[in-house]
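Quick look at input_15.txt (compact mmCIF, C-alpha atoms and all ligand atoms):
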```txt
# COMPACT_ATOMS: atom_id res chain seq x y z
CA MET A 1 -84.38 7.13 15.99
CA SER A 2 -83.99 3.66 17.53
CA TYR A 3 -80.96 1.48 16.82
CA ILE A 4 -81.95 -0.70 13.81
CA VAL A 5 -81.10 -4.40 13.62
CA GLY A 6 -81.75 -5.84 10.16
CA LEU A 7 -82.80 -9.50 10.32
CA THR A 8 -82.34 -11.37 7.06
CA GLY A 9 -81.75 -14.82 5.61
CA GLY A 10 -82.78 -16.87 2.59
CA ILE A 11 -86.26 -18.26 2.00
CA GLY A 12 -87.31 -20.60 4.82
CA SER A 13 -84.13 -19.95 6.85
CA GLY A 14 -86.16 -19.19 9.99
CA LYS A 15 -86.44 -15.38 10.10
CA SER A 16 -90.04 -15.44 11.38
CA THR A 17 -89.11 -18.09 13.95
CA ILE A 18 -86.22 -15.97 15.27
CA ALA A 19 -88.24 -12.73 15.08
CA TYR A 20 -90.88 -14.39 17.26
CA LEU A 21 -88.26 -15.02 19.97
CA PHE A 22 -87.23 -11.33 19.92
CA ALA A 23 -90.90 -10.27 19.99
CA ALA A 24 -91.38 -12.45 23.08
CA LEU A 25 -88.74 -10.26 24.77
CA GLY A 26 -90.83 -7.17 23.93
CA VAL A 27 -88.68 -6.04 21.00
CA PRO A 28 -90.71 -4.10 18.40
CA ILE A 29 -90.68 -5.51 14.87
CA VAL A 30 -91.00 -3.82 11.50
CA ASP A 31 -91.59 -6.43 8.82
CA ALA A 32 -90.87 -5.38 5.22
CA ASP A 33 -93.18 -8.09 3.83
CA ILE A 34 -96.10 -6.64 5.81
CA VAL A 35 -95.19 -3.11 4.69
CA ALA A 36 -95.05 -4.32 1.06
CA ARG A 37 -98.63 -5.57 1.40
CA GLU A 38 -99.84 -2.43 3.21
CA VAL A 39 -98.64 -0.03 0.50
CA VAL A 40 -100.85 -1.72 -2.11
CA ALA A 41 -103.91 -2.06 0.12
CA CYS A 42 -107.31 -0.76 -1.05
CA GLY A 43 -107.35 3.02 -1.44
CA LYS A 44 -103.55 3.42 -1.48
CA PRO A 45 -102.13 5.57 -4.31
CA ALA A 46 -99.79 2.76 -5.43
CA LEU A 47 -102.76 0.45 -6.06
CA LYS A 48 -104.39 3.10 -8.28
CA MET A 49 -101.15 3.44 -10.27
CA ILE A 50 -100.92 -0.35 -10.69
CA ALA A 51 -104.55 -0.46 -11.91
CA ASN A 52 -103.90 2.41 -14.35
CA HIS A 53 -100.85 0.61 -15.72
CA PHE A 54 -102.15 -2.98 -15.94
CA GLY A 55 -105.85 -2.21 -16.38
CA GLN A 56 -108.76 -2.75 -14.00
CA GLU A 57 -108.51 -6.54 -14.53
CA ILE A 58 -105.61 -6.45 -12.04
CA LEU A 59 -108.18 -5.80 -9.28
CA LEU A 60 -110.46 -8.41 -7.75
CA ALA A 61 -114.21 -7.77 -7.46
CA ASP A 62 -113.70 -6.34 -3.94
CA GLY A 63 -111.14 -3.80 -5.24
CA THR A 64 -108.09 -5.52 -3.76
CA LEU A 65 -105.03 -6.48 -5.77
CA ASN A 66 -105.19 -9.73 -7.74
CA ARG A 67 -101.74 -10.92 -6.64
CA THR A 68 -101.88 -14.15 -8.62
CA LEU A 69 -102.52 -12.29 -11.88
CA LEU A 70 -99.87 -9.65 -11.06
CA ARG A 71 -97.29 -12.37 -10.32
CA LYS A 72 -98.11 -14.03 -13.66
CA LYS A 73 -97.78 -10.76 -15.59
CA ILE A 74 -94.42 -9.83 -14.09
CA PHE A 75 -93.13 -13.41 -14.40
CA GLU A 76 -93.94 -13.35 -18.13
CA ASN A 77 -92.51 -9.89 -18.74
CA PRO A 78 -89.30 -8.66 -17.02
CA GLY A 79 -90.04 -5.11 -18.23
CA GLU A 80 -93.26 -5.11 -16.20
CA LYS A 81 -91.35 -6.45 -13.20
CA ASN A 82 -88.93 -3.52 -13.49
CA TRP A 83 -91.82 -1.07 -13.79
CA LEU A 84 -93.41 -2.48 -10.63
CA ASN A 85 -90.13 -2.48 -8.67
CA THR A 86 -89.39 1.10 -9.74
CA LEU A 87 -92.82 2.14 -8.47
CA LEU A 88 -92.90 0.17 -5.23
CA HIS A 89 -89.33 0.10 -3.89
CA PRO A 90 -89.12 3.81 -2.98
CA ILE A 91 -92.64 3.71 -1.47
CA ILE A 92 -91.82 0.61 0.61
CA ARG A 93 -88.50 2.10 1.73
CA GLN A 94 -90.19 5.35 2.84
CA GLU A 95 -92.98 3.50 4.69
CA CYS A 96 -90.39 1.30 6.44
CA LEU A 97 -88.46 4.42 7.44
CA ASP A 98 -91.65 6.05 8.77
CA GLN A 99 -92.50 2.96 10.84
CA LEU A 100 -88.89 2.62 12.10
CA SER A 101 -88.79 6.33 13.05
CA ALA A 102 -92.02 6.04 15.04
CA ILE A 103 -90.56 3.35 17.36
CA LYS A 104 -89.73 4.45 20.88
CA SER A 105 -87.53 1.59 22.06
CA PRO A 106 -83.77 1.24 22.43
CA TYR A 107 -83.70 -0.94 19.32
CA VAL A 108 -86.02 -2.34 16.67
CA LEU A 109 -85.83 -5.56 14.67
CA PHE A 110 -86.28 -4.83 10.95
CA VAL A 111 -87.18 -8.12 9.23
CA VAL A 112 -86.36 -8.04 5.51
CA PRO A 113 -85.92 -11.17 3.36
CA LEU A 114 -84.15 -9.21 0.57
CA LEU A 115 -82.32 -6.78 2.88
CA ILE A 116 -79.07 -6.74 0.92
CA GLU A 117 -80.57 -7.37 -2.53
CA ASN A 118 -82.78 -4.25 -2.17
CA GLY A 119 -80.20 -2.04 -0.45
CA LEU A 120 -82.18 -1.73 2.79
CA ASN A 121 -79.06 -2.79 4.72
CA ASN A 122 -77.96 0.84 4.66
CA LEU A 123 -80.77 1.71 7.08
CA CYS A 124 -79.36 -0.76 9.65
CA GLN A 125 -76.66 -0.43 12.31
CA SER A 126 -76.41 -4.22 12.78
CA ILE A 127 -77.20 -7.08 10.39
CA LEU A 128 -78.27 -10.37 11.91
CA VAL A 129 -78.23 -13.24 9.40
CA VAL A 130 -80.16 -16.46 9.99
CA ASP A 131 -78.03 -19.09 8.31
CA VAL A 132 -78.99 -22.61 7.24
CA SER A 133 -77.70 -25.08 4.66
CA GLU A 134 -79.49 -25.14 1.32
CA GLU A 135 -80.67 -28.67 2.08
CA THR A 136 -82.40 -27.53 5.29
CA GLN A 137 -83.84 -24.52 3.49
CA LEU A 138 -85.30 -26.76 0.76
CA ASN A 139 -86.73 -29.33 3.16
CA ARG A 140 -88.38 -26.82 5.50
CA THR A 141 -89.76 -24.57 2.76
CA CYS A 142 -91.14 -27.44 0.65
CA GLN A 143 -92.83 -28.82 3.74
CA ARG A 144 -94.23 -25.44 4.88
CA ASP A 145 -95.46 -24.20 1.48
CA GLN A 146 -96.32 -27.54 -0.16
CA GLN A 147 -94.39 -26.37 -3.23
CA SER A 148 -92.12 -28.28 -5.60
CA GLU A 149 -88.40 -28.51 -4.95
CA LYS A 150 -87.87 -27.04 -8.42
CA LEU A 151 -89.75 -23.83 -7.57
CA ILE A 152 -88.01 -23.38 -4.21
CA LYS A 153 -84.60 -23.94 -5.88
CA LYS A 154 -85.50 -21.25 -8.40
CA ILE A 155 -86.38 -18.81 -5.59
CA ILE A 156 -83.14 -19.64 -3.74
CA SER A 157 -81.09 -18.97 -6.87
CA SER A 158 -82.86 -15.60 -7.38
CA GLN A 159 -81.67 -14.52 -3.91
CA ILE A 160 -78.15 -13.45 -2.92
CA SER A 161 -75.88 -16.46 -2.27
CA ARG A 162 -75.36 -17.77 1.25
CA VAL A 163 -71.66 -16.84 1.15
CA GLU A 164 -72.36 -13.31 -0.07
CA ARG A 165 -75.10 -12.75 2.55
CA LEU A 166 -72.81 -13.90 5.35
CA LYS A 167 -70.20 -11.31 4.30
CA TRP A 168 -72.66 -8.58 5.37
CA ALA A 169 -73.46 -10.14 8.75
CA THR A 170 -72.46 -8.42 11.98
CA GLU A 171 -74.04 -11.35 13.87
CA ILE A 172 -75.13 -14.83 12.73
CA ILE A 173 -77.69 -17.28 14.09
CA GLU A 174 -77.13 -20.80 12.87
CA ASN A 175 -80.53 -22.54 12.54
CA ASN A 176 -79.79 -25.98 11.11
CA ILE A 177 -80.60 -28.05 14.18
CA ASP A 178 -84.24 -29.01 14.63
CA LEU A 179 -86.19 -26.89 17.10
CA SER A 180 -87.20 -30.00 19.03
CA GLU A 181 -83.54 -30.38 20.07
CA ASN A 182 -82.42 -26.77 19.89
CA PHE A 183 -85.17 -24.47 21.13
CA CYS A 184 -83.52 -23.67 24.49
CA HIS A 185 -80.18 -22.99 22.84
CA LEU A 186 -81.77 -20.66 20.26
CA ALA A 187 -83.75 -18.83 22.94
CA LYS A 188 -80.53 -18.30 24.92
CA GLU A 189 -78.72 -17.04 21.82
CA VAL A 190 -81.52 -14.56 21.18
CA LEU A 191 -81.33 -13.38 24.80
CA THR A 192 -77.55 -12.84 24.46
CA LEU A 193 -78.11 -10.88 21.24
CA HIS A 194 -80.86 -8.87 22.95
CA HIS A 195 -78.37 -7.72 25.60
CA LEU A 196 -75.78 -6.99 22.91
CA TYR A 197 -78.22 -4.80 20.95
CA LEU A 198 -79.37 -3.04 24.12
CA SER A 199 -75.78 -2.15 24.90
CA LYS A 200 -74.96 -1.19 21.29
CA SER A 201 -78.02 1.08 21.24
CA GLN A 202 -76.63 3.04 24.21
CA LEU A 203 -73.26 3.80 22.59
P1 LIG B 301 -89.59 -16.89 4.44
O1 LIG B 301 -88.32 -16.34 3.92
O2 LIG B 301 -90.20 -17.81 3.46
O3 LIG B 301 -90.54 -15.85 4.96
P2 LIG B 301 -88.55 -17.53 7.09
O4 LIG B 301 -87.10 -17.26 6.90
O5 LIG B 301 -89.34 -16.52 7.85
O6 LIG B 301 -89.24 -17.86 5.71
P3 LIG B 301 -89.68 -19.51 8.88
O7 LIG B 301 -91.07 -19.35 8.32
O8 LIG B 301 -89.39 -18.95 10.23
O9 LIG B 301 -88.62 -18.95 7.80
O10 LIG B 301 -89.22 -21.03 8.87
C1 LIG B 301 -89.48 -21.86 7.73
C2 LIG B 301 -90.15 -23.15 8.19
O11 LIG B 301 -89.20 -23.89 8.94
C3 LIG B 301 -91.35 -22.92 9.11
O12 LIG B 301 -92.28 -23.92 8.86
C4 LIG B 301 -90.74 -23.04 10.51
O13 LIG B 301 -91.69 -23.49 11.45
C5 LIG B 301 -89.65 -24.10 10.27
N1 LIG B 301 -88.47 -23.93 11.13
C6 LIG B 301 -87.74 -22.81 11.34
N2 LIG B 301 -86.69 -23.06 12.14
C7 LIG B 301 -86.75 -24.39 12.44
C8 LIG B 301 -85.95 -25.28 13.23
N3 LIG B 301 -84.85 -24.88 13.87
N4 LIG B 301 -86.33 -26.56 13.32
C9 LIG B 301 -87.43 -27.01 12.67
N5 LIG B 301 -88.22 -26.23 11.91
C10 LIG B 301 -87.89 -24.94 11.80
```

Using the file provided, produce a representation of the structure as structure tokens.
Amino acid sequence: MSYIVGLTGGIGSGKSTIAYLFAALGVPIVDADIVAREVVACGKPALKMIANHFGQEILLADGTLNRTLLRKKIFENPGEKNWLNTLLHPIIRQECLDQLSAIKSPYVLFVVPLLIENGLNNLCQSILVVDVSEETQLNRTCQRDQQSEKLIKKIISSQISRVERLKWATEIIENNIDLSENFCHLAKEVLTLHHLYLSKSQL
């Protein structure tokens, strides 16, 4: 099994941006958000169970999951949210483990927004936190997603606090400075971390 580096951070902190820099160095990536979508793809057992539970109306005409309707249902009913999490969390964890186990590289970057919240940190040997101020998080996410500040604030408060997340970090990337001024510095930091993880993976 490869050495696993968990990459986490709050919404809009810059995880994808940092993951891209590791990928450019040839580091394999397992992305929990992608896995979470794959396990409810057409024909997957979890999708059938969701349709049995919520009714066929939860599927679109092409048989794929109606995510908007599902989000609405679980937003309105915390019991349904629990049901869905109880179904999906073990399946997502197992699929992540399968993908991580299949990697044949010294180390793998495991990108998980809710790494600590969902207990996936215990699969990782290192935890790299992308850290930004809440103000930066709000500005960048509102701009990227064209969503209201109120909604983004609500998502931020549903996630683990910045202070708590940083307590779990073995390494931190600070991503407050704009890329236009800081790209070279960030790329160098990622290269330094790359060498660190290569050496940690050989211990
Ligand atoms: P999410 O948790 O929502 O998946 P994320 O943590 O992956 O988000 P990104 O998508 O990488 O975050 O970054 C959020 C937005 O901020 C993107 O539009 C990205 O291009 C921009 N961004 C990231 N880092 C910087 C930076 N240093 N300077 C300017 N813009 C940045």

Q) Could you name the residues that touch Glu95 of chain A at 10 Å or less, counting only C-alpha atoms, but leaving out those on the same chain fewer than 6 positions away, as number ranges by chain? A) A: 32, 35-36, 38-39, 89, 101

Using all atoms listed in the file, I'd like a table of the residues in segment 34-69 of chain A that come within 12 Å of segment 76-82 of chain A; for each, show the closest atom pair and its distance in Å rounded to one decimal, ordered by chain and ascending number, as CSV.
```
residue,atom,partner,partner_atom,distance
A:Ile50,CA,A:Glu80,CA,10.6
A:His53,CA,A:Glu80,CA,9.5
A:Phe54,CA,A:Glu80,CA,9.1
A:Leu69,CA,A:Glu76,CA,10.7
```

Q. Ligand LIG 301 (chain B): which residues are within 7 Å, counting all atoms listed in the file, as a PyMOL selection string?
A. chain A and resi 9-18+113+140-141+144+175-180+182

Q) Hey, can you check how far atom CA of Ala187 of chain A sits from atom CA of Phe22 of chain A? A)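 Spanning atom CA of Ala187 of chain A to atom CA of Phe22 of chain A is a straight-line distance of 8.8 Å.
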
**Q.** Nearest residue to Pro90 of chain A from the set A:Asp62, A:Leu120, A:Val111, A:Arg165 (distances using only C-alpha atoms)
**A.** A:Leu120

Would you output segment 138-173 of chain A from that structure, restricted to N, CA and C atoms, as a PDB file, in the first residue's frame?
```
ATOM      1  N   LEU A 138     -14.691  32.969   1.709  1.00  0.00           N
ATOM      2  CA  LEU A 138     -15.979  33.522   1.283  1.00  0.00           C
ATOM      3  C   LEU A 138     -15.866  34.186  -0.081  1.00  0.00           C
ATOM      4  N   ASN A 139     -14.855  35.050  -0.222  1.00  0.00           N
ATOM      5  CA  ASN A 139     -14.701  35.794  -1.482  1.00  0.00           C
ATOM      6  C   ASN A 139     -14.504  34.848  -2.655  1.00  0.00           C
ATOM      7  N   ARG A 140     -13.572  33.885  -2.502  1.00  0.00           N
ATOM      8  CA  ARG A 140     -13.249  33.009  -3.638  1.00  0.00           C
ATOM      9  C   ARG A 140     -14.416  32.079  -3.966  1.00  0.00           C
ATOM     10  N   THR A 141     -15.080  31.561  -2.934  1.00  0.00           N
ATOM     11  CA  THR A 141     -16.173  30.603  -3.197  1.00  0.00           C
ATOM     12  C   THR A 141     -17.374  31.310  -3.804  1.00  0.00           C
ATOM     13  N   CYS A 142     -17.720  32.495  -3.277  1.00  0.00           N
ATOM     14  CA  CYS A 142     -18.855  33.250  -3.836  1.00  0.00           C
ATOM     15  C   CYS A 142     -18.597  33.547  -5.306  1.00  0.00           C
ATOM     16  N   GLN A 143     -17.360  33.936  -5.597  1.00  0.00           N
ATOM     17  CA  GLN A 143     -17.016  34.286  -6.973  1.00  0.00           C
ATOM     18  C   GLN A 143     -17.059  33.051  -7.887  1.00  0.00           C
ATOM     19  N   ARG A 144     -16.501  31.923  -7.388  1.00  0.00           N
ATOM     20  CA  ARG A 144     -16.450  30.702  -8.214  1.00  0.00           C
ATOM     21  C   ARG A 144     -17.851  30.139  -8.460  1.00  0.00           C
ATOM     22  N   ASP A 145     -18.671  30.047  -7.386  1.00  0.00           N
ATOM     23  CA  ASP A 145     -19.951  29.332  -7.489  1.00  0.00           C
ATOM     24  C   ASP A 145     -21.136  30.245  -7.768  1.00  0.00           C
ATOM     25  N   GLN A 146     -20.900  31.569  -7.772  1.00  0.00           N
ATOM     26  CA  GLN A 146     -22.010  32.519  -7.960  1.00  0.00           C
ATOM     27  C   GLN A 146     -23.132  32.247  -6.959  1.00  0.00           C
ATOM     28  N   GLN A 147     -22.754  31.999  -5.712  1.00  0.00           N
ATOM     29  CA  GLN A 147     -23.738  31.722  -4.662  1.00  0.00           C
ATOM     30  C   GLN A 147     -23.729  32.869  -3.658  1.00  0.00           C
ATOM     31  N   SER A 148     -24.796  32.933  -2.844  1.00  0.00           N
ATOM     32  CA  SER A 148     -24.883  34.018  -1.861  1.00  0.00           C
ATOM     33  C   SER A 148     -23.889  33.782  -0.731  1.00  0.00           C
ATOM     34  N   GLU A 149     -23.482  34.908  -0.115  1.00  0.00           N
ATOM     35  CA  GLU A 149     -22.575  34.841   1.025  1.00  0.00           C
ATOM     36  C   GLU A 149     -23.220  34.053   2.168  1.00  0.00           C
ATOM     37  N   LYS A 150     -24.555  34.200   2.266  1.00  0.00           N
ATOM     38  CA  LYS A 150     -25.294  33.531   3.354  1.00  0.00           C
ATOM     39  C   LYS A 150     -25.150  32.005   3.237  1.00  0.00           C
ATOM     40  N   LEU A 151     -25.317  31.496   2.011  1.00  0.00           N
ATOM     41  CA  LEU A 151     -25.227  30.049   1.802  1.00  0.00           C
ATOM     42  C   LEU A 151     -23.816  29.541   2.087  1.00  0.00           C
ATOM     43  N   ILE A 152     -22.808  30.276   1.601  1.00  0.00           N
ATOM     44  CA  ILE A 152     -21.415  29.829   1.793  1.00  0.00           C
ATOM     45  C   ILE A 152     -21.073  29.862   3.293  1.00  0.00           C
ATOM     46  N   LYS A 153     -21.571  30.891   3.998  1.00  0.00           N
ATOM     47  CA  LYS A 153     -21.326  30.969   5.452  1.00  0.00           C
ATOM     48  C   LYS A 153     -21.936  29.765   6.154  1.00  0.00           C
ATOM     49  N   LYS A 154     -23.113  29.357   5.678  1.00  0.00           N
ATOM     50  CA  LYS A 154     -23.798  28.206   6.277  1.00  0.00           C
ATOM     51  C   LYS A 154     -22.963  26.933   6.052  1.00  0.00           C
ATOM     52  N   ILE A 155     -22.412  26.803   4.843  1.00  0.00           N
ATOM     53  CA  ILE A 155     -21.588  25.612   4.551  1.00  0.00           C
ATOM     54  C   ILE A 155     -20.329  25.636   5.423  1.00  0.00           C
ATOM     55  N   ILE A 156     -19.706  26.823   5.535  1.00  0.00           N
ATOM     56  CA  ILE A 156     -18.485  26.930   6.362  1.00  0.00           C
ATOM     57  C   ILE A 156     -18.801  26.515   7.808  1.00  0.00           C
ATOM     58  N   SER A 157     -19.957  26.965   8.315  1.00  0.00           N
ATOM     59  CA  SER A 157     -20.237  26.648   9.725  1.00  0.00           C
ATOM     60  C   SER A 157     -20.639  25.188   9.912  1.00  0.00           C
ATOM     61  N   SER A 158     -21.002  24.486   8.809  1.00  0.00           N
ATOM     62  CA  SER A 158     -21.311  23.050   8.936  1.00  0.00           C
ATOM     63  C   SER A 158     -20.030  22.214   8.919  1.00  0.00           C
ATOM     64  N   GLN A 159     -18.901  22.844   8.543  1.00  0.00           N
ATOM     65  CA  GLN A 159     -17.623  22.122   8.494  1.00  0.00           C
ATOM     66  C   GLN A 159     -16.868  22.325   9.817  1.00  0.00           C
ATOM     67  N   ILE A 160     -15.874  21.490  10.045  1.00  0.00           N
ATOM     68  CA  ILE A 160     -15.040  21.616  11.241  1.00  0.00           C
ATOM     69  C   ILE A 160     -14.400  23.019  11.228  1.00  0.00           C
ATOM     70  N   SER A 161     -14.133  23.588  12.431  1.00  0.00           N
ATOM     71  CA  SER A 161     -13.583  24.946  12.449  1.00  0.00           C
ATOM     72  C   SER A 161     -12.128  24.937  11.959  1.00  0.00           C
ATOM     73  N   ARG A 162     -11.696  26.112  11.547  1.00  0.00           N
ATOM     74  CA  ARG A 162     -10.328  26.266  11.039  1.00  0.00           C
ATOM     75  C   ARG A 162      -9.314  25.821  12.106  1.00  0.00           C
ATOM     76  N   VAL A 163      -9.546  26.261  13.331  1.00  0.00           N
ATOM     77  CA  VAL A 163      -8.623  25.956  14.440  1.00  0.00           C
ATOM     78  C   VAL A 163      -8.569  24.445  14.671  1.00  0.00           C
ATOM     79  N   GLU A 164      -9.738  23.825  14.688  1.00  0.00           N
ATOM     80  CA  GLU A 164      -9.802  22.378  14.946  1.00  0.00           C
ATOM     81  C   GLU A 164      -9.102  21.605  13.813  1.00  0.00           C
ATOM     82  N   ARG A 165      -9.362  22.029  12.565  1.00  0.00           N
ATOM     83  CA  ARG A 165      -8.746  21.338  11.410  1.00  0.00           C
ATOM     84  C   ARG A 165      -7.222  21.411  11.494  1.00  0.00           C
ATOM     85  N   LEU A 166      -6.731  22.615  11.858  1.00  0.00           N
ATOM     86  CA  LEU A 166      -5.271  22.800  11.903  1.00  0.00           C
ATOM     87  C   LEU A 166      -4.611  21.916  12.970  1.00  0.00           C
ATOM     88  N   LYS A 167      -5.376  21.556  14.008  1.00  0.00           N
ATOM     89  CA  LYS A 167      -4.813  20.683  15.060  1.00  0.00           C
ATOM     90  C   LYS A 167      -4.427  19.316  14.495  1.00  0.00           C
ATOM     91  N   TRP A 168      -5.107  18.900  13.411  1.00  0.00           N
ATOM     92  CA  TRP A 168      -4.847  17.579  12.820  1.00  0.00           C
ATOM     93  C   TRP A 168      -3.712  17.604  11.801  1.00  0.00           C
ATOM     94  N   ALA A 169      -3.288  18.804  11.418  1.00  0.00           N
ATOM     95  CA  ALA A 169      -2.343  18.925  10.297  1.00  0.00           C
ATOM     96  C   ALA A 169      -0.950  18.416  10.660  1.00  0.00           C
ATOM     97  N   THR A 170      -0.357  17.632   9.748  1.00  0.00           N
ATOM     98  CA  THR A 170       1.075  17.344   9.892  1.00  0.00           C
ATOM     99  C   THR A 170       1.864  18.361   9.055  1.00  0.00           C
ATOM    100  N   GLU A 171       1.227  18.855   7.989  1.00  0.00           N
ATOM    101  CA  GLU A 171       1.815  19.941   7.190  1.00  0.00           C
ATOM    102  C   GLU A 171       0.687  20.913   6.817  1.00  0.00           C
ATOM    103  N   ILE A 172       1.075  22.180   6.587  1.00  0.00           N
ATOM    104  CA  ILE A 172       0.085  23.220   6.257  1.00  0.00           C
ATOM    105  C   ILE A 172       0.560  23.994   5.029  1.00  0.00           C
ATOM    106  N   ILE A 173      -0.374  24.252   4.110  1.00  0.00           N
ATOM    107  CA  ILE A 173      -0.077  25.195   3.025  1.00  0.00           C
ATOM    108  C   ILE A 173      -0.969  26.406   3.244  1.00  0.00           C
TER     109      ILE A 173
END
```
